[in-house]
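Data block below; observations after.
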Amino acid sequence: MTINSTPTLADVQSREQHATRAIFFMAGLAMSSWAPLIPFAKARLDINDGALGLLLFCIAAGSMLVMPFTGRLITKFGGRRLMILSVLGLAADLPLLMLFDQREAMALALLLFGTFNGLLDVAMNAHAVVVEQESEQAKMSGFHGFYSIGSIAGAGSVSFFLWLGATPLLAVSAIAIFLALLLFASSRNILPKQNKATSGKGETLHVLSHPPVLVIAVLCFFVFMLEGAMLDWSAVFMTSERGMSASLAGFGYTLYSITVTLGRLSGDRLVSALGGKLVLLLGCAIAGTGIALLVFTQWGTLPGFILVGAGLANIIPILFTSAGNQPGVSADFSIPAVTLFGYSGLLAGPALIGFIAHHIGLSLTFSGALLLLLFVASGSPFISRQR
């Protein structure tokens with residue numbers, strides 16, 4: 001009796017989905033592993049906060065500089081090669097961040113770190129669009145959920161290693177080795193082919209002349225701005241506006257992060273049941289309720305962070321899926337465009353909040369998020385149909 005060992009289409013798609021989840025996990029793991037090591041790098045370089053801020057900007061600069069060209073690179077070399085190169089680049093660069101003791105060398109290492117991160121961010125989201133299209137089911141929120149899990153694992157693992165007494169170099173080297181092993185185990189199941197929409201015309205910036213893509217890019221700008229506000233200003237809000245001690249001020253963002261992760265892991269079911277447009281509208285309403293609790297009540301501050309996380313959790317995955325499914329536009333170019341706008345919001349948001357808060361106060365500035373969420377909700381007609 002002969003047993004047919006040929007994998008079925010369902011088996012192949014399942015492996016591709018697992019590989020995509022692994023790539024998102026690796027991206028979150030690599031980026032978050034650097035966060036607990038920043039104080040060690042600052043001490044080794046003997047720099048002040050201003051100089052550290054300029055060095056950290058190199059990460060964002062590297063990402064934003066490469067994103068406009070990523071679509072062309074995907075078309076020429078394929079997303080699979082680009083993702084493998086990016087993960088290996090991150091794994092190789094991480095130990096360097098704990099070795100260099102000269103500012104110029106560190107700036108170069110951080111610029112490369114941002115470059116590999118930017119390439120990986122775009123390539124994995126474009127790849128996720130293909131996997132989602134082939135499955136004919138909502139998958140993007142779950143993929144982004146694994147990025148969140150990777151972020152928790154990266155920061156947690158490095159912190160744990162340091163707590164055990166490991167040197168920063170040893171801790172980050174362990175992460176780098178794990179990244180390489182996980183990539184080796186999963187890379188064979190990454191799709192080698194291009195996106196279904198690659199027959200569409202476009203360059204990364206040229207696709208912004210397509211009105212739906214431009215609207216989605218602007219929406220990404222504002223949503224990333226809100227996410228950046230939660231990251232950079234939540235603890236300040238807790239101490240200055242709610243009188244919480246600095247040692248406990250990070251608890252609000254912790255609740256926010258946990259809710260985002262849980263929301264994304266359950267988001268695909270919601271999108272499948274309700275559709276992307278309705279989930280986006282509900283997300284804006286829930287996040288708006290959370291902002292209102294944060295700003296206008298004393299008792300609702302922590303519940304507010306939970307609601308903001310629940311509301312924002314699935315908006316970016318919905319926007320990315322919609323950008324990757326625009327008729328006549330290749331996802332290899334639309335994804336870099338909306339990602340570039342998103343990163344711009346992530347960079348500009350915290351600085352803009354600081355400038356406005358200096359003049360009108362942090363609570364009133366935070367209340368402006370309600371207007372941004374209203375604007376995001378008004379863009380729901382541009383969201384393509386999602387299962």
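Residues are referred to by chain and number: the chain letter is A, B, ... according to the order shown in the structure tokens, the number counts from 1 in that chain, and ligands are numbered separately from 1 in the order shown.
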Write out as a VMD selection string the set of residues from range 36-269 of chain A that DSSP, computed on the backbone, places in helix (DSSP H, G or I). chain A and resid 36 to 45 49 to 77 79 to 96 103 to 135 140 to 164 168 to 189 196 to 199 206 to 209 211 to 240 251 to 269
Using only C-alpha atoms, can you tell me which of A:His206, A:Arg242, A:Arg80, A:Arg72 comes closest to Leu302 in chain A?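 Ranked by minimum distance to Leu302 in chain A, first place goes to A:Arg242.
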Would you list the contacts of range 91-94 of chain A as a PyMOL selection string, taking every protein, DNA or RNA residue within 10 Å and counting only C-alpha atoms, but skipping same-chain residues closer than 4 positions in sequence? chain A and resi 26+30-31+33-34+85-87+98-99+109-110+112-113+116+169+172-180
Given the selection you just returned, output its residues as a file containing C-alpha atoms, formatted as a CSV table (one decimal), in the first residue's frame.
chain,number,residue,atom,x,y,z
A,26,MET,CA,11.5,37.7,15.0
A,30,ALA,CA,15.0,41.8,17.6
A,31,MET,CA,13.7,45.4,18.0
A,33,SER,CA,15.9,43.2,22.7
A,34,TRP,CA,17.7,46.5,22.2
A,85,LEU,CA,18.8,39.1,4.7
A,86,SER,CA,17.1,41.5,7.2
A,87,VAL,CA,16.8,39.0,10.0
A,98,MET,CA,27.2,46.2,22.9
A,99,LEU,CA,30.7,46.3,21.5
A,109,ALA,CA,25.5,50.4,13.8
A,110,LEU,CA,22.2,52.0,14.7
A,112,LEU,CA,22.2,49.7,9.9
A,113,PHE,CA,19.9,48.4,12.6
A,116,PHE,CA,17.4,46.2,8.4
A,169,LEU,CA,27.0,41.3,25.3
A,172,VAL,CA,22.1,40.0,23.3
A,173,SER,CA,24.3,37.4,21.7
A,174,ALA,CA,21.9,34.7,23.0
A,175,ILE,CA,19.1,36.6,21.3
A,176,ALA,CA,21.1,36.8,18.0
A,177,ILE,CA,21.8,33.1,18.0
A,178,PHE,CA,18.1,32.3,18.7
A,179,LEU,CA,17.1,34.6,15.8
A,180,ALA,CA,19.4,32.7,13.4
Using only C-alpha atoms, which residues sit within 10 Å of range 253-269 of chain A once same-chain residues fewer than 2 positions away are excluded, as a ChimeraX atom specification? /A:137-149,151-152,227,230-235,238,249-251,271-276,279,302-318,387
Excluding range 119-124 of chain A and its own-chain neighbours fewer than 6 positions away, which residues fall within 10 Å of it when counting only C-alpha atoms? Please give them as a PDB file with C-alpha atoms, in the first residue's frame.
ATOM      1  CA  THR A  20       4.871  34.386   8.538  1.00  0.00           C
ATOM      2  CA  ARG A  21       4.026  34.390  12.245  1.00  0.00           C
ATOM      3  CA  ILE A  23       8.944  36.344  10.860  1.00  0.00           C
ATOM      4  CA  PHE A  24       6.727  38.834  12.704  1.00  0.00           C
ATOM      5  CA  MET A  26      11.486  37.672  15.016  1.00  0.00           C
ATOM      6  CA  ALA A  27      10.960  41.314  14.042  1.00  0.00           C
ATOM      7  CA  GLY A  28       9.447  42.135  17.422  1.00  0.00           C
ATOM      8  CA  GLY A  62      17.810  54.148   8.651  1.00  0.00           C
ATOM      9  CA  SER A  63      14.287  52.754   8.366  1.00  0.00           C
ATOM     10  CA  MET A  64      12.818  55.783   6.641  1.00  0.00           C
ATOM     11  CA  VAL A  66      15.366  52.603   2.886  1.00  0.00           C
ATOM     12  CA  MET A  67      11.568  52.316   2.800  1.00  0.00           C
ATOM     13  CA  PRO A  68      11.018  54.261  -0.462  1.00  0.00           C
ATOM     14  CA  PHE A  69      13.289  51.770  -2.257  1.00  0.00           C
ATOM     15  CA  THR A  70      12.031  48.571  -0.641  1.00  0.00           C
ATOM     16  CA  GLY A  71       9.293  47.943  -3.199  1.00  0.00           C
ATOM     17  CA  LEU A  73      14.101  45.628  -4.004  1.00  0.00           C
ATOM     18  CA  ILE A  74      11.227  43.195  -3.400  1.00  0.00           C
ATOM     19  CA  GLY A  78      11.970  38.747  -3.949  1.00  0.00           C
ATOM     20  CA  GLY A  79      10.511  39.274  -0.492  1.00  0.00           C
ATOM     21  CA  ARG A  80      11.878  35.972   0.837  1.00  0.00           C
ATOM     22  CA  ARG A  81      15.508  36.909   0.205  1.00  0.00           C
ATOM     23  CA  LEU A  82      14.937  40.353   1.640  1.00  0.00           C
ATOM     24  CA  MET A  83      13.404  38.989   4.853  1.00  0.00           C
ATOM     25  CA  ILE A  84      16.210  36.454   5.335  1.00  0.00           C
ATOM     26  CA  LEU A  85      18.846  39.132   4.744  1.00  0.00           C
ATOM     27  CA  SER A  86      17.112  41.524   7.152  1.00  0.00           C
ATOM     28  CA  VAL A  87      16.807  39.030  10.019  1.00  0.00           C
ATOM     29  CA  GLY A  89      21.458  41.606   9.481  1.00  0.00           C
ATOM     30  CA  LEU A  90      19.621  42.348  12.719  1.00  0.00           C
ATOM     31  CA  VAL A 130      -0.006  37.499  -0.052  1.00  0.00           C
ATOM     32  CA  PHE A 143       0.506  38.251  12.376  1.00  0.00           C
ATOM     33  CA  ILE A 190       8.353  31.607   3.316  1.00  0.00           C
ATOM     34  CA  ALA A 331       1.354  45.759  -2.399  1.00  0.00           C
ATOM     35  CA  ASP A 332       5.139  45.771  -2.876  1.00  0.00           C
ATOM     36  CA  PHE A 333       4.818  49.546  -3.342  1.00  0.00           C
ATOM     37  CA  SER A 334       1.685  50.454  -1.372  1.00  0.00           C
ATOM     38  CA  ILE A 335       2.945  48.804   1.839  1.00  0.00           C
ATOM     39  CA  PRO A 336       6.238  50.789   1.867  1.00  0.00           C
ATOM     40  CA  ALA A 337       4.280  53.999   1.222  1.00  0.00           C
ATOM     41  CA  VAL A 338       1.860  53.593   4.118  1.00  0.00           C
ATOM     42  CA  THR A 339       4.628  52.277   6.382  1.00  0.00           C
ATOM     43  CA  LEU A 340       6.739  55.342   5.609  1.00  0.00           C
TER      44      LEU A 340
END
What is the distance, in Å and to one decimal place, between CA of Met225 in chain A and CA of Ser344 in chain A?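 Value for the CA of Met225 in chain A-CA of Ser344 in chain A distance: 8.2 Å.
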Give me the residues near Phe161 in chain A as an MDAnalysis selection string, where near means some atom within 10 Å (using only C-alpha atoms) and where sequence neighbours in that chain fewer than 3 positions away do not count. chainID A and resid 156:158 164:168 170:172 174
If you keep N, CA and C atoms, can you produce a file of those selected residues as a compact mmCIF listing (two decimals), in the first residue's frame?
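Here's the written file result.txt:
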# COMPACT_ATOMS: atom_id res chain seq x y z
N GLY A 156 11.71 40.98 27.67
CA GLY A 156 11.67 40.15 28.87
C GLY A 156 12.88 39.23 28.99
N SER A 157 13.28 38.63 27.87
CA SER A 157 14.42 37.70 27.90
C SER A 157 15.71 38.41 28.24
N VAL A 158 15.96 39.54 27.59
CA VAL A 158 17.19 40.28 27.87
C VAL A 158 17.20 40.75 29.32
N LEU A 164 19.97 37.68 35.87
CA LEU A 164 20.75 36.50 36.26
C LEU A 164 22.23 36.80 36.38
N GLY A 165 22.64 37.98 35.91
CA GLY A 165 24.04 38.35 36.02
C GLY A 165 24.82 38.27 34.72
N ALA A 166 24.15 37.98 33.62
CA ALA A 166 24.83 37.92 32.32
C ALA A 166 25.26 39.32 31.90
N THR A 167 26.35 39.39 31.16
CA THR A 167 26.77 40.68 30.61
C THR A 167 25.81 41.08 29.49
N PRO A 168 25.70 42.37 29.19
CA PRO A 168 24.84 42.79 28.07
C PRO A 168 25.21 42.10 26.76
N LEU A 170 26.62 39.14 26.32
CA LEU A 170 26.19 37.74 26.36
C LEU A 170 24.68 37.63 26.18
N ALA A 171 23.93 38.53 26.82
CA ALA A 171 22.47 38.50 26.71
C ALA A 171 22.01 38.72 25.28
N VAL A 172 22.59 39.72 24.63
CA VAL A 172 22.14 40.04 23.27
C VAL A 172 22.67 39.01 22.27
N ALA A 174 22.88 35.82 22.87
CA ALA A 174 21.94 34.71 22.97
C ALA A 174 20.71 34.96 22.11
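Minimum atom-to-atom distances from A:His18, A:Arg188, A:His127, A:His358 to Thr321 in chain A were compared using only C-alpha atoms, and the lowest value belongs to A:His127.
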Near Phe382 in chain A, within 8 Å and counting only C-alpha atoms, which residues show up once chain neighbours fewer than 2 positions away are dropped, as a PyMOL selection string? chain A and resi 212+215-216+379-380+384
As an exercise, work out the distance from CA of Ser330 in chain A to CA of Val213 in chain A in Å and give it to one decimal place.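 According to the coordinates, CA of Ser330 in chain A and CA of Val213 in chain A are separated by 10.8 Å.
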Which one of A:Val218, A:Ala357, A:Leu282, A:Leu181 sits closest to Ser240 in chain A if you count only C-alpha atoms?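 Once distances to Ser240 in chain A are computed over only C-alpha atoms, the minimum belongs to A:Ala357.
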